[in-house]
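Participant: Hey, dropping my_file_19.txt in here, compact mmCIF, C-alpha atoms:
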```txt
# COMPACT_ATOMS: atom_id res chain seq x y z
CA GLY A 1 12.82 -3.77 -9.92
CA ALA A 2 12.03 -4.92 -6.43
CA VAL A 3 9.70 -7.92 -6.35
CA VAL A 4 7.70 -9.19 -3.40
CA SER A 5 6.16 -12.62 -3.62
CA GLN A 6 3.17 -13.46 -1.46
CA HIS A 7 1.34 -16.74 -1.16
CA PRO A 8 -1.10 -18.23 -1.10
CA SER A 9 -3.12 -15.89 -3.27
CA ARG A 10 -6.38 -17.38 -2.06
CA VAL A 11 -7.25 -19.54 0.88
CA ILE A 12 -10.48 -20.84 2.30
CA CYS A 13 -10.40 -22.24 5.80
CA LYS A 14 -12.80 -23.41 8.43
CA SER A 15 -13.59 -21.39 11.52
CA GLY A 16 -11.18 -22.13 14.33
CA THR A 17 -8.26 -23.14 12.14
CA SER A 18 -5.05 -21.21 11.52
CA VAL A 19 -3.72 -19.90 8.24
CA LYS A 20 -0.16 -18.89 7.41
CA ILE A 21 0.63 -16.32 4.75
CA GLU A 22 4.18 -15.90 3.44
CA CYS A 23 5.78 -12.77 2.10
CA ARG A 24 9.18 -12.93 0.40
CA SER A 25 11.38 -10.25 -1.06
CA LEU A 26 12.87 -11.94 -4.12
CA ASP A 27 15.68 -9.69 -5.24
CA PHE A 28 16.42 -7.47 -2.28
CA GLN A 29 16.81 -7.57 1.46
CA ALA A 30 14.16 -6.07 3.66
CA THR A 31 14.75 -5.59 7.36
CA THR A 32 11.24 -4.28 7.63
CA MET A 33 8.06 -5.59 6.07
CA PHE A 34 4.51 -4.43 6.56
CA TRP A 35 1.21 -6.25 6.77
CA TYR A 36 -2.01 -4.62 5.65
CA ARG A 37 -5.62 -5.67 5.62
CA GLN A 38 -8.25 -4.36 3.26
CA PHE A 39 -11.96 -4.97 3.49
CA PRO A 40 -14.11 -4.56 0.36
CA LYS A 41 -14.36 -0.98 -0.86
CA GLN A 42 -12.28 0.26 2.06
CA SER A 43 -8.78 1.66 2.27
CA LEU A 44 -5.63 -0.17 3.25
CA MET A 45 -5.22 -0.60 6.97
CA LEU A 46 -1.75 -1.15 8.37
CA MET A 47 -1.88 -4.05 10.81
CA ALA A 48 1.72 -4.39 11.87
CA THR A 49 5.32 -3.69 11.06
CA SER A 50 7.50 -6.77 10.90
CA ASN A 51 11.12 -6.35 11.93
CA GLU A 52 13.76 -8.92 11.08
CA GLY A 53 15.08 -10.57 14.21
CA SER A 54 12.78 -8.78 16.63
CA LYS A 55 9.17 -8.53 17.64
CA ALA A 56 6.61 -7.02 15.33
CA THR A 57 5.01 -3.69 16.10
CA TYR A 58 1.23 -3.85 15.98
CA GLU A 59 -1.14 -1.01 15.23
CA GLN A 60 -3.72 -0.07 17.81
CA GLY A 61 -6.64 -2.46 17.84
CA VAL A 62 -4.81 -5.34 16.17
CA GLU A 63 -4.59 -8.42 18.38
CA LYS A 64 -0.99 -9.61 18.42
CA ASP A 65 -1.97 -13.02 19.79
CA LYS A 66 -4.36 -13.55 16.91
CA PHE A 67 -2.14 -12.26 14.13
CA LEU A 68 1.27 -13.80 14.69
CA ILE A 69 4.11 -12.31 12.72
CA ASN A 70 7.50 -13.89 12.26
CA HIS A 71 10.31 -12.19 10.35
CA ALA A 72 13.02 -14.79 10.61
CA SER A 73 15.24 -13.65 7.76
CA LEU A 74 15.95 -10.60 5.65
CA THR A 75 13.73 -11.94 2.88
CA LEU A 76 10.83 -13.65 4.61
CA SER A 77 8.01 -12.56 6.86
CA THR A 78 5.00 -14.67 7.73
CA LEU A 79 1.58 -13.75 9.08
CA THR A 80 -0.41 -16.45 10.82
CA VAL A 81 -4.08 -15.83 11.46
CA THR A 82 -4.87 -18.02 14.44
CA SER A 83 -8.30 -19.39 15.34
CA ALA A 84 -9.76 -17.70 12.30
CA HIS A 85 -13.35 -16.49 12.31
CA PRO A 86 -15.57 -15.30 9.45
CA GLU A 87 -14.94 -11.67 10.43
CA ASP A 88 -11.24 -12.25 9.66
CA SER A 89 -12.16 -12.79 6.02
CA SER A 90 -10.35 -10.05 4.15
CA PHE A 91 -7.61 -9.21 1.67
CA TYR A 92 -4.22 -9.36 3.36
CA ILE A 93 -1.30 -7.66 1.67
CA CYS A 94 2.34 -7.44 2.61
CA SER A 95 4.83 -4.86 1.49
CA ALA A 96 8.53 -4.31 1.82
CA LYS A 97 11.06 -1.62 1.23
CA PRO A 98 14.64 -2.36 0.28
CA THR A 99 16.96 -1.85 3.22
CA ARG A 100 19.05 0.48 1.07
CA GLY A 101 17.74 3.36 -0.96
CA ARG A 102 14.68 5.53 -0.56
CA GLY A 103 12.46 3.97 -3.17
CA GLY A 104 8.82 3.23 -2.63
CA TYR A 105 7.47 0.17 -0.92
CA THR A 106 6.67 -2.81 -3.10
CA PHE A 107 3.54 -4.80 -2.44
CA GLY A 108 2.94 -8.50 -2.66
CA SER A 109 0.01 -9.67 -4.76
CA GLY A 110 -2.17 -10.16 -1.70
CA THR A 111 -3.98 -13.08 -0.10
CA ARG A 112 -7.75 -13.36 -0.20
CA LEU A 113 -8.76 -15.15 3.00
CA THR A 114 -12.24 -16.56 3.35
CA VAL A 115 -13.20 -18.16 6.64
CA VAL A 116 -16.28 -20.38 6.49
CA GLN B 117 -1.32 13.07 13.70
CA LYS B 118 0.49 12.50 10.46
CA GLU B 119 -2.13 12.41 7.70
CA VAL B 120 -2.41 12.17 3.97
CA GLU B 121 -5.67 13.45 2.56
CA GLN B 122 -7.29 12.65 -0.74
CA ASN B 123 -10.72 13.23 -2.22
CA SER B 124 -12.38 9.82 -2.43
CA GLY B 125 -14.07 10.63 -5.75
CA PRO B 126 -15.05 9.13 -8.03
CA LEU B 127 -13.32 11.39 -10.50
CA SER B 128 -14.89 10.82 -13.89
CA VAL B 129 -13.10 11.84 -17.09
CA PRO B 130 -13.68 10.96 -20.73
CA GLU B 131 -11.16 8.90 -22.63
CA GLY B 132 -8.32 11.03 -23.93
CA ALA B 133 -8.70 13.74 -21.28
CA ILE B 134 -6.26 14.68 -18.54
CA ALA B 135 -7.05 13.26 -15.13
CA SER B 136 -5.80 15.33 -12.19
CA LEU B 137 -5.51 13.66 -8.81
CA ASN B 138 -4.64 15.65 -5.74
CA CYS B 139 -3.26 14.95 -2.29
CA THR B 140 -2.26 17.00 0.73
CA TYR B 141 -0.12 15.95 3.66
CA SER B 142 0.19 17.31 7.15
CA ASP B 143 3.77 16.54 8.16
CA ARG B 144 6.23 19.14 6.85
CA GLY B 145 9.03 16.69 7.60
CA SER B 146 7.86 14.35 4.84
CA GLN B 147 10.57 13.82 2.26
CA SER B 148 9.32 11.05 0.00
CA PHE B 149 6.04 10.83 -1.86
CA PHE B 150 4.52 8.07 -3.91
CA TRP B 151 1.53 7.35 -6.09
CA TYR B 152 0.14 3.85 -6.22
CA ARG B 153 -2.55 2.45 -8.48
CA GLN B 154 -4.87 -0.24 -7.18
CA TYR B 155 -7.27 -2.13 -9.37
CA SER B 156 -10.28 -3.68 -7.70
CA GLY B 157 -9.32 -6.91 -5.96
CA LYS B 158 -5.60 -6.40 -6.59
CA SER B 159 -2.75 -5.08 -4.51
CA PRO B 160 -1.32 -1.57 -5.00
CA GLU B 161 1.26 -0.99 -7.70
CA LEU B 162 3.83 1.80 -7.45
CA ILE B 163 3.58 4.10 -10.45
CA MET B 164 5.44 7.27 -9.43
CA SER B 165 7.78 8.54 -6.77
CA ILE B 166 8.83 12.12 -6.21
CA TYR B 167 11.23 13.62 -3.70
CA SER B 168 11.87 17.24 -4.69
CA ASN B 169 9.74 20.22 -5.61
CA GLY B 170 8.58 20.45 -9.18
CA ASP B 171 7.40 18.02 -11.79
CA LYS B 172 8.48 14.51 -12.61
CA GLU B 173 7.29 12.91 -15.81
CA ASP B 174 7.13 9.24 -16.74
CA GLY B 175 5.25 8.45 -19.91
CA ARG B 176 1.66 9.63 -19.55
CA PHE B 177 2.12 10.28 -15.84
CA THR B 178 3.38 13.48 -14.23
CA ALA B 179 3.81 13.84 -10.50
CA GLN B 180 3.97 17.32 -9.03
CA LEU B 181 5.24 18.25 -5.59
CA ASN B 182 4.93 21.55 -3.76
CA LYS B 183 6.43 21.25 -0.31
CA ALA B 184 5.57 24.83 0.67
CA SER B 185 1.88 24.07 0.09
CA GLN B 186 2.23 20.45 1.25
CA TYR B 187 0.61 19.33 -1.93
CA VAL B 188 1.23 16.41 -4.27
CA SER B 189 -0.61 15.73 -7.49
CA LEU B 190 -0.68 13.18 -10.27
CA LEU B 191 -1.64 14.04 -13.83
CA ILE B 192 -2.57 11.33 -16.27
CA ARG B 193 -2.55 12.47 -19.88
CA ASP B 194 -4.56 10.79 -22.61
CA SER B 195 -6.56 8.87 -20.02
CA GLN B 196 -7.60 5.37 -21.03
CA PRO B 197 -10.38 3.16 -19.67
CA SER B 198 -7.62 0.88 -18.39
CA ASP B 199 -6.53 3.73 -16.09
CA SER B 200 -9.79 3.30 -14.15
CA ALA B 201 -8.63 2.35 -10.67
CA THR B 202 -8.13 3.75 -7.21
CA TYR B 203 -5.05 5.94 -6.89
CA LEU B 204 -3.34 6.04 -3.51
CA CYS B 205 -1.12 8.89 -2.45
CA ALA B 206 1.51 8.05 0.14
CA ALA B 207 4.11 9.97 2.09
CA VAL B 208 6.91 9.09 4.46
CA PRO B 209 6.60 11.50 7.40
CA GLY B 210 9.97 12.07 9.01
CA TYR B 211 11.35 8.68 9.98
CA SER B 212 7.96 7.03 10.19
CA THR B 213 6.57 4.40 7.93
CA LEU B 214 4.70 5.00 4.72
CA THR B 215 1.37 6.70 5.33
CA PHE B 216 -1.40 6.27 2.79
CA GLY B 217 -4.33 8.42 1.89
CA LYS B 218 -7.67 6.69 1.50
CA GLY B 219 -7.41 6.84 -2.28
CA THR B 220 -9.25 8.50 -5.14
CA MET B 221 -11.29 6.39 -7.51
CA LEU B 222 -10.78 7.34 -11.15
CA LEU B 223 -13.31 6.37 -13.79
CA VAL B 224 -12.37 6.86 -17.44
CA SER B 225 -15.31 6.48 -19.76
CA PRO B 226 -14.86 5.36 -23.40
```
Could you rewrite the structure in this file as structure tokens?
Facilitator:
Amino acid sequence: GAVVSQHPSRVICKSGTSVKIECRSLDFQATTMFWYRQFPKQSLMLMATSNEGSKATYEQGVEKDKFLINHASLTLSTLTVTSAHPEDSSFYICSAKPTRGRGGYTFGSGTRLTVV
Amino acid sequence: QKEVEQNSGPLSVPEGAIASLNCTYSDRGSQSFFWYRQYSGKSPELIMSIYSNGDKEDGRFTAQLNKASQYVSLLIRDSQPSDSATYLCAAVPGYSTLTFGKGTMLLVSP
């Protein structure tokens, strides 16, 4: 089946620093990948849609200058949290859907970000 | 607004019982429907997909779709404590991206 690899799984960083999270589709091509954020005991929130070779589409209320998304190839999308603050601490999850077929989206294992 | 609605629960069932999880969606143009399971602190895992009216069975799981009523359900037979998780219903409205419900928490007691 479709596998999405995400790393790091956990990261602790200091306030003001930047953190990059990688999301790779291992056995399929994905022209579109999605980035979600989930706070404890809350539902998934779509942050942005990452499109290979073009700019990402951000959901309302998500700062595009703070959450930089790069989808440079058909198998890799990255999310960089810039100038991180404690309120950015959350569970970040990527997902991807194979370019062909109508199967469900596959999720990465998620990244637990803690900003201290 | 394209929405997927679920009861947040928790839905509590005893071990061995049938758990019934329900979901409604607002966009009649939705063609694809999915159920994901999410354990606490983990990312969602796809467990069922359904595209046409009727039932689809996979092991202990049965997904049911009724497009006329805009209703999707998931039945879990012989529920086990390890099934305790949050179950997310998702739909693809028209040509839009996957839209999730807020999830229903299922608790299976031994």
Participant: Set the cut-off to 9 Å and count all atoms listed in the file: what are the residues of chain B that reach chain A? Output as an mmCIF file with C-alpha atoms, keeping the file's coordinate frame.
Facilitator:
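Result saved to result-v2.cif:
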```cif
data_model
loop_
_atom_site.group_PDB
_atom_site.id
_atom_site.type_symbol
_atom_site.label_atom_id
_atom_site.label_comp_id
_atom_site.auth_asym_id
_atom_site.auth_seq_id
_atom_site.Cartn_x
_atom_site.Cartn_y
_atom_site.Cartn_z
ATOM 1 C CA SER B 148 9.320 11.050 0.000
ATOM 2 C CA PHE B 149 6.040 10.830 -1.860
ATOM 3 C CA PHE B 150 4.520 8.070 -3.910
ATOM 4 C CA SER B 156 -10.280 -3.680 -7.700
ATOM 5 C CA GLY B 157 -9.320 -6.910 -5.960
ATOM 6 C CA LYS B 158 -5.600 -6.400 -6.590
ATOM 7 C CA SER B 159 -2.750 -5.080 -4.510
ATOM 8 C CA PRO B 160 -1.320 -1.570 -5.000
ATOM 9 C CA GLU B 161 1.260 -0.990 -7.700
ATOM 10 C CA LEU B 162 3.830 1.800 -7.450
ATOM 11 C CA MET B 164 5.440 7.270 -9.430
ATOM 12 C CA SER B 165 7.780 8.540 -6.770
ATOM 13 C CA THR B 213 6.570 4.400 7.930
ATOM 14 C CA LEU B 214 4.700 5.000 4.720
ATOM 15 C CA THR B 215 1.370 6.700 5.330
ATOM 16 C CA PHE B 216 -1.400 6.270 2.790
ATOM 17 C CA GLY B 217 -4.330 8.420 1.890
ATOM 18 C CA LYS B 218 -7.670 6.690 1.500
ATOM 19 C CA GLY B 219 -7.410 6.840 -2.280
#
```
Participant: Skip Phe28 in chain A itself and residues of its chain fewer than 3 positions away, then list as a PyMOL selection string all residues within 10 Å of it, counting all atoms listed in the file.
Facilitator: chain A and resi 1-4+24-25+31+74-75+96-100
Participant: Could you write out that same residue set with C-alpha atoms as a PDB file, keeping the file's coordinate frame?
Facilitator:
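The resulting file, selection32.pdb, is reproduced below:
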```
ATOM      1  CA  GLY A   1      12.820  -3.770  -9.920  1.00  0.00           C
ATOM      2  CA  ALA A   2      12.030  -4.920  -6.430  1.00  0.00           C
ATOM      3  CA  VAL A   3       9.700  -7.920  -6.350  1.00  0.00           C
ATOM      4  CA  VAL A   4       7.700  -9.190  -3.400  1.00  0.00           C
ATOM      5  CA  ARG A  24       9.180 -12.930   0.400  1.00  0.00           C
ATOM      6  CA  SER A  25      11.380 -10.250  -1.060  1.00  0.00           C
ATOM      7  CA  THR A  31      14.750  -5.590   7.360  1.00  0.00           C
ATOM      8  CA  LEU A  74      15.950 -10.600   5.650  1.00  0.00           C
ATOM      9  CA  THR A  75      13.730 -11.940   2.880  1.00  0.00           C
ATOM     10  CA  ALA A  96       8.530  -4.310   1.820  1.00  0.00           C
ATOM     11  CA  LYS A  97      11.060  -1.620   1.230  1.00  0.00           C
ATOM     12  CA  PRO A  98      14.640  -2.360   0.280  1.00  0.00           C
ATOM     13  CA  THR A  99      16.960  -1.850   3.220  1.00  0.00           C
ATOM     14  CA  ARG A 100      19.050   0.480   1.070  1.00  0.00           C
TER      15      ARG A 100
END
```
Participant: Just to confirm, what's the straight-line distance from CA of Glu131 in chain B to CA of Leu190 in chain B in Å (one decimal)?
Facilitator: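 Pair CA of Glu131 in chain B / CA of Leu190 in chain B returns 16.8 Å.
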Participant: For the atom pair CA of Pro86 in chain A and CA of Lys14 in chain A, what is the interatomic distance in Å to one decimal place?
Facilitator: 8.6 Å
Participant: Excluding same-chain residues fewer than 5 positions from Val115 in chain A, what lies within 7 Å of it counting all atoms listed in the file, as a PyMOL selection string?
Facilitator: chain A and resi 12-15+84-86+88-89
Participant: Could the residues in this selection be saved with C-alpha atoms as a PDB file, keeping the file's coordinate frame?
Facilitator:
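Below is the file that was written, result_35.pdb:
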```
ATOM      1  CA  ILE A  12     -10.480 -20.840   2.300  1.00  0.00           C
ATOM      2  CA  CYS A  13     -10.400 -22.240   5.800  1.00  0.00           C
ATOM      3  CA  LYS A  14     -12.800 -23.410   8.430  1.00  0.00           C
ATOM      4  CA  SER A  15     -13.590 -21.390  11.520  1.00  0.00           C
ATOM      5  CA  ALA A  84      -9.760 -17.700  12.300  1.00  0.00           C
ATOM      6  CA  HIS A  85     -13.350 -16.490  12.310  1.00  0.00           C
ATOM      7  CA  PRO A  86     -15.570 -15.300   9.450  1.00  0.00           C
ATOM      8  CA  ASP A  88     -11.240 -12.250   9.660  1.00  0.00           C
ATOM      9  CA  SER A  89     -12.160 -12.790   6.020  1.00  0.00           C
TER      10      SER A  89
END
```
Participant: Record the distance separating CA of Asp199 in chain B and CA of Phe177 in chain B, expressed in Å with one decimal.
Facilitator: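 Spanning CA of Asp199 in chain B to CA of Phe177 in chain B is a straight-line distance of 10.9 Å.
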Participant: Between A:Ala30, A:Thr114, A:Gly101, A:Ala48, single out the one closest to Ser73 in chain A, counting all atoms listed in the file.
Facilitator: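 The answer is A:Ala30, which sits nearest to Ser73 in chain A.
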Participant: Could you list, as an mmCIF file with C-alpha atoms, in the coordinates of the input, every residue within 12 Å of Glu63 in chain A, counting all atoms listed in the file and ignoring same-chain residues fewer than 2 positions away?
Facilitator:
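So the final result, stored in out.cif, reads:
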```cif
data_model
loop_
_atom_site.group_PDB
_atom_site.id
_atom_site.type_symbol
_atom_site.label_atom_id
_atom_site.label_comp_id
_atom_site.auth_asym_id
_atom_site.auth_seq_id
_atom_site.Cartn_x
_atom_site.Cartn_y
_atom_site.Cartn_z
ATOM 1 C CA MET A 47 -1.880 -4.050 10.810
ATOM 2 C CA ALA A 48 1.720 -4.390 11.870
ATOM 3 C CA ALA A 56 6.610 -7.020 15.330
ATOM 4 C CA THR A 57 5.010 -3.690 16.100
ATOM 5 C CA TYR A 58 1.230 -3.850 15.980
ATOM 6 C CA GLU A 59 -1.140 -1.010 15.230
ATOM 7 C CA GLN A 60 -3.720 -0.070 17.810
ATOM 8 C CA GLY A 61 -6.640 -2.460 17.840
ATOM 9 C CA ASP A 65 -1.970 -13.020 19.790
ATOM 10 C CA LYS A 66 -4.360 -13.550 16.910
ATOM 11 C CA PHE A 67 -2.140 -12.260 14.130
ATOM 12 C CA LEU A 68 1.270 -13.800 14.690
ATOM 13 C CA ILE A 69 4.110 -12.310 12.720
ATOM 14 C CA THR A 80 -0.410 -16.450 10.820
ATOM 15 C CA VAL A 81 -4.080 -15.830 11.460
ATOM 16 C CA THR A 82 -4.870 -18.020 14.440
ATOM 17 C CA SER A 83 -8.300 -19.390 15.340
ATOM 18 C CA ASP A 88 -11.240 -12.250 9.660
#
```
Participant: Check the smallest atom-to-atom distance from each of A:Met33, A:Leu26, A:Val19, A:Val62 to Ser5 in chain A using only C-alpha atoms, then report the winner.
Facilitator: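 Checking each candidate against Ser5 in chain A, we get A:Leu26 as the closest.
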Participant: With distances taken over all atoms listed in the file, which of A:Thr17, A:Ser9, A:His71, A:Glu87 is nearest to Gln29 in chain A?
Facilitator: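 Checking each candidate against Gln29 in chain A, we get A:His71 as the closest.
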Participant: Neighbours of range 168-176 of chain B within 9 Å (all atoms listed in the file; same-chain residues fewer than 2 positions away dropped), as a PyMOL selection string?
Facilitator: chain B and resi 147-148+163-166+178-184+191-195
Participant: So that I have them on file, write out the residues from the current selection with C-alpha atoms, as a PDB file, in the coordinates of the input.
Facilitator:
```pdb
ATOM      1  CA  GLN B 147      10.570  13.820   2.260  1.00  0.00           C
ATOM      2  CA  SER B 148       9.320  11.050   0.000  1.00  0.00           C
ATOM      3  CA  ILE B 163       3.580   4.100 -10.450  1.00  0.00           C
ATOM      4  CA  MET B 164       5.440   7.270  -9.430  1.00  0.00           C
ATOM      5  CA  SER B 165       7.780   8.540  -6.770  1.00  0.00           C
ATOM      6  CA  ILE B 166       8.830  12.120  -6.210  1.00  0.00           C
ATOM      7  CA  THR B 178       3.380  13.480 -14.230  1.00  0.00           C
ATOM      8  CA  ALA B 179       3.810  13.840 -10.500  1.00  0.00           C
ATOM      9  CA  GLN B 180       3.970  17.320  -9.030  1.00  0.00           C
ATOM     10  CA  LEU B 181       5.240  18.250  -5.590  1.00  0.00           C
ATOM     11  CA  ASN B 182       4.930  21.550  -3.760  1.00  0.00           C
ATOM     12  CA  LYS B 183       6.430  21.250  -0.310  1.00  0.00           C
ATOM     13  CA  ALA B 184       5.570  24.830   0.670  1.00  0.00           C
ATOM     14  CA  LEU B 191      -1.640  14.040 -13.830  1.00  0.00           C
ATOM     15  CA  ILE B 192      -2.570  11.330 -16.270  1.00  0.00           C
ATOM     16  CA  ARG B 193      -2.550  12.470 -19.880  1.00  0.00           C
ATOM     17  CA  ASP B 194      -4.560  10.790 -22.610  1.00  0.00           C
ATOM     18  CA  SER B 195      -6.560   8.870 -20.020  1.00  0.00           C
TER      19      SER B 195
END
```
Participant: Quick one: of B:Ser200, B:Ser142, B:Ser124, B:Gln154, who's nearest to Leu223 in chain B, counting all atoms listed in the file?
Facilitator: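 For Leu223 in chain B, the nearest of the candidates is B:Ser200.
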Participant: Counting all atoms listed in the file, which of B:Pro226, B:Asn123, B:Tyr167, B:Ser198 gets nearest to Ser146 in chain B?
Facilitator: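 Looking at the shortest contact to Ser146 in chain B, the residue is B:Tyr167.
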Participant: Identify, on the basis of all atoms listed in the file, every residue whose closest approach to Ala201 in chain B does not exceed 6 Å; exclude the query and any residue fewer than 4 positions from it along the same chain; express the result as number ranges by chain.
Facilitator: B: 154-155, 221-222
Participant: How about saving the chosen residues, C-alpha atoms kept, as an mmCIF file, keeping the file's coordinate frame?
Facilitator:
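selection_31.cif, written as the output of this step:
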```cif
data_model
loop_
_atom_site.group_PDB
_atom_site.id
_atom_site.type_symbol
_atom_site.label_atom_id
_atom_site.label_comp_id
_atom_site.auth_asym_id
_atom_site.auth_seq_id
_atom_site.Cartn_x
_atom_site.Cartn_y
_atom_site.Cartn_z
ATOM 1 C CA GLN B 154 -4.870 -0.240 -7.180
ATOM 2 C CA TYR B 155 -7.270 -2.130 -9.370
ATOM 3 C CA MET B 221 -11.290 6.390 -7.510
ATOM 4 C CA LEU B 222 -10.780 7.340 -11.150
#
```
